[in-house]
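Everything on this sheet refers to the single structure shown next.
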Amino acid sequence: MLHISSRKSALTTMVVTNLLILLIPLAMGLFLYAKVEKSLRTNANRSNTAMLEQLRLSVDQKLTEVDKLMRQVALDPKLDYMLKIRDGADGADRYNFVDLHDKMRRYGSLVSSFIFDYYVYFAESDTIVKEDFVSDSRSFYDTHYFLKNMPYNQWRQELLAGEYRMAYLPAAELARPASSESAEYMPEKVVLYAQTLPFLSASERLGNFFALIDVGQVKQMFAQIEMASHSEIYIVDGQGRTIMSTSDKPLPGELLSHIQLTKEPFEYRLEGADQMVSFTSSLKTDWNYISVTPNGVFMQQVDQIKNWSSWLFAFCVIAGLIAVSVGAYRNYKPLQKTVHAIMSGKGIHGRAASAVNEYEFIRETIAGSILEEKSLRSALAQQTPFIRANYLSRLIHGYMDVDVSAESAEKLRFMELSFISDRFAVILVKIESVSGMAEEESERQWAHARFIVSNIGTDLIEQPAHRGHSVELNRDTLAFLVNLNEKEANLSSAESEADIRSFAEALFTIVAEKFRIELTVAAGGIHQGPKAIRDSYPEAVAALEYRLILGKKSIIHYQDIVDTKQHYYYPLEIEVQLINFVRSGDADNAGKLLDKIYSMNFGAAHITPELGRCLFFNLTSTLLKIVNSANASLEAELGPDFDPIKTVFSYPTAEGMRFKTKELYETLARSFNVERSDHHVQLLQAILELVERNVDNPDLGLAMVAEHFEMSPQYISTFFKKNHGHNLMDYITRKRMEQAKSLMGQNHKELTNADIARKVGYQNDVVFIRAFKKLEGVTPGKYRELLLQDKTGSDS
């Protein structure tokens with residue numbers, strides 16, 4: 001048997017997998033049981049609550065009869081007068097009690113047996129009137145009935161003379177006096193309903209209306225719930241008193257408190273037994289109808305299903321374990337035999353430490369040789385582009401000659417490289433800028449740009465049946481090795497050269513328009529033979545250097561620059577004339593003379609990049625001569641660490657060098673002019689007037705002022721600070737805030753902050769508010785409030 005070191009065998013995996021499959025129906029069964037149990041519990045609660053609600057509706061309906069009866073008696077028009085009749089009144093007043101007695105007999109015929117009896121007690125005359133009796137309270141107590149265990153004096157003082165507002169008193173037992181011979185039905189217990197009279201007066205207590213509710217009649221309504229659920233029913237008022245119940249045991253206060261805090265049935269442990277408590281509230285009174293059901297009765301169906309489910313679950317687990325064990329072993333036997341066969345065939349003994357289980361061992365064995373072969377092929381394929389690029393780079397730099405023989409072609413095949421002729425041209429492409437990139441260009445973005453240029457260039461070369469290969473020389477430069485196919489395409493040398501020019505133009509245009517990548521393309525001449533590549537590459541390099549003259553983003557062919565002259569125009573008399581213009585402060589003529597020098601050298605006549613650099617070096621040397629001979633200093637205008645040579649030659653093109661050189665000469669000329677005349681006073685006044693006229697212009701700033709006076713921003717900034725004492729931008733801001741404050745007065749209430757911001761030269765109110773608060777210390781809105789307060793105070 002195969003031993004797997006520190007791993008689980010396939011048999012264990014099979015057993016675990018089958019157990020997991022077995023657990024799915026078991027888990028579903030448990031889930032369904034939980035749902036069924038919840039549903040049964042919910043249905044039982046719903047049924048219990050429904051019966052309790054039916055009881056509430058029945059009792060509330062009966063209580064409505066009590067309320068109607070009380071109102072008929074209490075609202076009798078003569079009742080208020082009768083309540084004030086005192087003891088010992090004459091016969092006319094006593095007749096009113098007889099009249100009420102007759103009315104109450106009629107009222108009694110309208111109510112059900114739910115109301116056992118009712119009467120009115122008149123406190124002033126100590127008279128009780130009921131439907132069949134008019135007498136004093138003592139006679140009533142001695143001849144009719146009284147509350148058990150309650151003497152007459154207590155009954156009269158506490159019950160008859162009490163104050164009630166539609167109150168229901170807890171159930172009490174009735175008793176007949178020993179002298180009574182009445183055989184009429186009398187309930188064992190009654191709930192006493194009481195209302196102090198007069199009904200419409202809350203301050204007087206002249207009597208009470210009493211109605212006795214037959215508890216036996218109410219308990220008959222409890223019978224249905226008692227029989228259905230073996231429950232105990234309680235009616236509890238808002239003060240926690242048990243009005244009536246089917247049990248002699250009182251409800252604990254904690255249970256009553258819990259009823260006040262919840263709206264749903266809940267479980268409660270009462271006297272050591274779990275009970276289910278359901279309840280509902282009366283709409284007529286402050287009563288709560290409470291049902292307390294033993295959990296054994298309430299959960300009988302649930303417990304029965306639970307027992308069946310437990311036995312079924314145990315049976316399924318045992319049967320499933322047996323089936324899992326037998327099935328897993330039978331499936332494992334063929335696998336075990338296969339593993340033994342593989343180990344015997346490969347001569348493996350002991351443990352296979354790398355295998356997770358038998359399946360993994362078989363997979364590794366089958367895939368082992370395939371992976372080794374793929375690994376070798378992959379390693380070779382990964383190195384092929386680097387080998388090809390290195391080979392092409394060596395060819396381009398002249399470290400080796402090109403060989404297009406059949407023997408060499410066979411050797412180059414593994415690099416996926418082949419040549420179709422011995423005629424070649426080298427084209428260099430320099431990526432000047434990538435408009436679509438972020439300001440901080442990453443290596444990944446540059447690699448993306450090189451990839452685009454390389455692929456498009458290769459495709460364009462191969463369109464006229466030539467063959468092309470690209471090589472990355474550095475971060476922003478690529479070389480295209482063009483292998484011309486003149487014989488098979490029947491092309492002449494002139495047509496091949498036209499193809500090279502067409503390729504350069506197409507590459508330049510497509511990459512710029514579609515990908516916003518700006519290029520400089522430099523093409524060497526077409527050469528033939530083993531040294532064709534090493535001869536064309538230096539020509540392409542020379543053409544690329546010529547971008548100093550023609551500028552960036554240009555197409556340069558070596559054939560077009562072969563006839564360049566080897567001298568430049570800058571005679572001694574021109575230098576002397578330039579020095580005189582500068583020293584006399586004539587910046588305009590100095591600039592015009594520099595334009596003439598640039599036109600003579602870089603116009604129609606050709607000049608090499610090297611001679612172009614020499615020309616600008618001489619012009620910079622002349623500038624330094626002027627500074628040294630006159631002991632002048634550019635530190636105030638250009639800064640203490642300014643280096644004119646580094647500044648001029650930091651530009652990669654002649655146009656950039658020309659612009660910077662001209663700016664330096666004009667700055668120096670103006671410095672001579674300002675120092676020897678009152679021109680600085682005029683210039684300062686002109687700057688102040690320009691700011692005053694353009695306060696509402698969003699473009700007003702150092703750059704705009706410098707452009708207006710055709711001076712450098714550095715010079716304008718230093719000049720204004722030196723002659724005015726303030727920073728130019730701070731002065732512009734102060735002028736704008738003065739105008740803004742004038743627009744915040746009474747005459748411009750309709751203007752918002754955004755309107756004012758636009759009128760004083762800000763494109764949005766956020767910048768305006770920030771500048772106003774920085775200068776004035778408060779926001780524009782607060783400033784307006786203070787302005788309005790000052791105005792109001794002065795008016796008052």
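In the structure tokens, chains take the letters A, B, ... in the order shown, each chain's residues start at 1, and ligands count up from 1 in the order shown.
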
Spatial neighbours of Asn723 (chain A), max dist 10 Å, only C-alpha atoms, sep filter under 2 positions, as number ranges by chain: A: 680-681, 683-684, 718-721, 725-726

Keeping only N, CA, C and O atoms, take the residues you just selected and write them out as a PDB file, in the first residue's frame.
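The resulting file, part-v6.pdb, is reproduced below:
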ATOM      1  N   HIS A 680      12.678 103.970 -14.852  1.00  0.00           N
ATOM      2  CA  HIS A 680      12.048 103.129 -13.838  1.00  0.00           C
ATOM      3  C   HIS A 680      10.808 103.791 -13.241  1.00  0.00           C
ATOM      4  O   HIS A 680       9.851 103.122 -12.865  1.00  0.00           O
ATOM      5  N   VAL A 681      10.829 105.140 -13.179  1.00  0.00           N
ATOM      6  CA  VAL A 681       9.645 105.828 -12.670  1.00  0.00           C
ATOM      7  C   VAL A 681       8.484 105.664 -13.638  1.00  0.00           C
ATOM      8  O   VAL A 681       7.342 105.392 -13.250  1.00  0.00           O
ATOM      9  N   LEU A 683       8.160 103.304 -15.882  1.00  0.00           N
ATOM     10  CA  LEU A 683       7.749 101.898 -15.941  1.00  0.00           C
ATOM     11  C   LEU A 683       6.852 101.543 -14.755  1.00  0.00           C
ATOM     12  O   LEU A 683       5.825 100.856 -14.915  1.00  0.00           O
ATOM     13  N   LEU A 684       7.207 102.049 -13.551  1.00  0.00           N
ATOM     14  CA  LEU A 684       6.391 101.759 -12.374  1.00  0.00           C
ATOM     15  C   LEU A 684       4.990 102.332 -12.539  1.00  0.00           C
ATOM     16  O   LEU A 684       3.989 101.679 -12.249  1.00  0.00           O
ATOM     17  N   THR A 718      11.018  91.627  -9.599  1.00  0.00           N
ATOM     18  CA  THR A 718      12.077  92.274  -8.803  1.00  0.00           C
ATOM     19  C   THR A 718      11.965  93.794  -8.883  1.00  0.00           C
ATOM     20  O   THR A 718      12.105  94.501  -7.878  1.00  0.00           O
ATOM     21  N   PHE A 719      11.691  94.307 -10.109  1.00  0.00           N
ATOM     22  CA  PHE A 719      11.580  95.760 -10.299  1.00  0.00           C
ATOM     23  C   PHE A 719      10.450  96.342  -9.455  1.00  0.00           C
ATOM     24  O   PHE A 719      10.604  97.363  -8.779  1.00  0.00           O
ATOM     25  N   PHE A 720       9.272  95.719  -9.478  1.00  0.00           N
ATOM     26  CA  PHE A 720       8.110  96.252  -8.746  1.00  0.00           C
ATOM     27  C   PHE A 720       8.364  96.213  -7.244  1.00  0.00           C
ATOM     28  O   PHE A 720       8.037  97.166  -6.520  1.00  0.00           O
ATOM     29  N   LYS A 721       8.930  95.124  -6.774  1.00  0.00           N
ATOM     30  CA  LYS A 721       9.215  94.997  -5.342  1.00  0.00           C
ATOM     31  C   LYS A 721      10.205  96.067  -4.892  1.00  0.00           C
ATOM     32  O   LYS A 721      10.065  96.680  -3.823  1.00  0.00           O
ATOM     33  N   GLY A 725       7.821  98.624  -3.180  1.00  0.00           N
ATOM     34  CA  GLY A 725       7.861  98.164  -1.794  1.00  0.00           C
ATOM     35  C   GLY A 725       6.926  97.000  -1.494  1.00  0.00           C
ATOM     36  O   GLY A 725       6.910  96.509  -0.371  1.00  0.00           O
ATOM     37  N   HIS A 726       6.118  96.610  -2.460  1.00  0.00           N
ATOM     38  CA  HIS A 726       5.189  95.503  -2.252  1.00  0.00           C
ATOM     39  C   HIS A 726       5.354  94.466  -3.362  1.00  0.00           C
ATOM     40  O   HIS A 726       5.790  94.791  -4.470  1.00  0.00           O
TER      41      HIS A 726
END

Would you write out, as a tab-separated table, a table of all residues in region 174-214 of chain A that have an atom no more than 7 Å from an atom of region 122-142 of chain A, listing for each the closest atom pair and the distance in Å to one decimal, considering only C-alpha atoms and ordering rows by chain and rising residue number?
residue	atom	partner	partner_atom	distance
A:Pro177	CA	A:Asp142	CA	5.8
A:Leu206	CA	A:Ala123	CA	5.5
A:Gly207	CA	A:Phe122	CA	4.6
A:Asn208	CA	A:Phe122	CA	7.0

Convert the current residue selection to file output with N, CA and C atoms, as a PDB file, in the first residue's frame.
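Printed below is selection11.pdb as written:
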ATOM      1  N   PRO A 177     -78.747  37.044  54.276  1.00  0.00           N
ATOM      2  CA  PRO A 177     -78.895  37.069  55.746  1.00  0.00           C
ATOM      3  C   PRO A 177     -79.685  35.842  56.218  1.00  0.00           C
ATOM      4  N   LEU A 206     -72.913  62.368  46.192  1.00  0.00           N
ATOM      5  CA  LEU A 206     -74.217  62.293  46.840  1.00  0.00           C
ATOM      6  C   LEU A 206     -74.810  60.897  46.783  1.00  0.00           C
ATOM      7  N   GLY A 207     -74.117  59.978  46.103  1.00  0.00           N
ATOM      8  CA  GLY A 207     -74.629  58.619  46.016  1.00  0.00           C
ATOM      9  C   GLY A 207     -73.810  57.803  45.033  1.00  0.00           C
ATOM     10  N   ASN A 208     -74.202  56.558  44.846  1.00  0.00           N
ATOM     11  CA  ASN A 208     -73.468  55.678  43.934  1.00  0.00           C
ATOM     12  C   ASN A 208     -74.452  54.769  43.212  1.00  0.00           C
TER      13      ASN A 208
END

A:Gly468, A:Asn474, A:Arg670, A:Glu545 ranked by distance to Glu443 (chain A), top pick (using only C-alpha atoms):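 With only C-alpha atoms as the atom set, the closest residue is A:Asn474.
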
DSSP-assigned alpha helix (DSSP H) among region 497-618 of chain A, expressed as a PyMOL selection string: chain A and resi 497-515+532-545+547-550+572-583+587-602+609-618

May I have the residues within 9 Å of Leu100 (chain A) as a PDB file with N, CA and C atoms, in the first residue's frame, using only C-alpha atoms and disregarding those fewer than 4 positions away in the same chain?
ATOM      1  N   VAL A  73     -79.817  55.195  34.100  1.00  0.00           N
ATOM      2  CA  VAL A  73     -80.197  55.550  35.480  1.00  0.00           C
ATOM      3  C   VAL A  73     -79.580  56.886  35.877  1.00  0.00           C
ATOM      4  N   ASP A  76     -81.122  60.176  34.548  1.00  0.00           N
ATOM      5  CA  ASP A  76     -82.544  60.436  34.792  1.00  0.00           C
ATOM      6  C   ASP A  76     -82.705  61.891  35.234  1.00  0.00           C
ATOM      7  N   LYS A  78     -84.698  63.451  37.160  1.00  0.00           N
ATOM      8  CA  LYS A  78     -85.038  63.699  38.567  1.00  0.00           C
ATOM      9  C   LYS A  78     -83.954  63.227  39.522  1.00  0.00           C
ATOM     10  N   LEU A  79     -82.944  62.552  38.994  1.00  0.00           N
ATOM     11  CA  LEU A  79     -81.973  61.904  39.894  1.00  0.00           C
ATOM     12  C   LEU A  79     -81.163  62.924  40.682  1.00  0.00           C
ATOM     13  N   TYR A  95     -92.075  59.882  47.143  1.00  0.00           N
ATOM     14  CA  TYR A  95     -92.723  59.305  45.973  1.00  0.00           C
ATOM     15  C   TYR A  95     -91.751  59.256  44.775  1.00  0.00           C
ATOM     16  N   ASN A  96     -90.819  60.181  44.754  1.00  0.00           N
ATOM     17  CA  ASN A  96     -89.818  60.173  43.669  1.00  0.00           C
ATOM     18  C   ASN A  96     -89.003  58.883  43.677  1.00  0.00           C
ATOM     19  N   MET A 104     -86.596  51.620  37.069  1.00  0.00           N
ATOM     20  CA  MET A 104     -85.513  50.638  37.106  1.00  0.00           C
ATOM     21  C   MET A 104     -86.036  49.248  36.771  1.00  0.00           C
ATOM     22  N   ARG A 105     -87.344  48.996  37.105  1.00  0.00           N
ATOM     23  CA  ARG A 105     -87.923  47.697  36.735  1.00  0.00           C
ATOM     24  C   ARG A 105     -87.977  47.587  35.196  1.00  0.00           C
ATOM     25  N   VAL A 129     -82.449  52.153  46.218  1.00  0.00           N
ATOM     26  CA  VAL A 129     -83.567  51.899  45.295  1.00  0.00           C
ATOM     27  C   VAL A 129     -83.095  50.883  44.271  1.00  0.00           C
ATOM     28  N   LYS A 130     -83.840  49.763  44.153  1.00  0.00           N
ATOM     29  CA  LYS A 130     -83.587  48.788  43.112  1.00  0.00           C
ATOM     30  C   LYS A 130     -84.907  48.456  42.446  1.00  0.00           C
ATOM     31  N   GLU A 131     -84.901  47.610  41.467  1.00  0.00           N
ATOM     32  CA  GLU A 131     -86.090  47.414  40.651  1.00  0.00           C
ATOM     33  C   GLU A 131     -87.276  46.842  41.446  1.00  0.00           C
TER      34      GLU A 131
END

DSSP strand (DSSP E) residues within region 115-318 of chain A, listed as number ranges by chain: A: 115-122, 127-130, 133-136, 146-147, 167-175, 189-197, 207-214, 232-236, 242-245, 266-270, 273-281, 288-294

Leu75 (chain A) surroundings by only C-alpha atoms, 12 Å radius, close-in-sequence under 4 positions cut, as a list of chain:residue names: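 That gives A:Asp67, A:Lys68, A:Leu69, A:Met70, A:Arg71, A:Leu79, A:Asp80, A:Tyr81, A:Leu100, A:Leu197, A:Pro198, A:Phe199, A:Leu200, A:Ser201, A:Phe209.
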
One-decimal distance in Å that lies between CA of Met166 (chain A) and CA of Asp102 (chain A):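 These atoms are spaced 24.0 Å apart.
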
Contact residues around His466 (chain A) with only C-alpha atoms at 8 Å, ignoring same-chain residues under 3 positions, as number ranges by chain: A: 461-463, 482-485

Selected residue, from A:Val218, A:Leu83, A:Ser493, A:Arg475, that lies nearest to Ser442 (chain A) when counting only C-alpha atoms: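 Looking at the shortest contact to Ser442 (chain A), the residue is A:Arg475.
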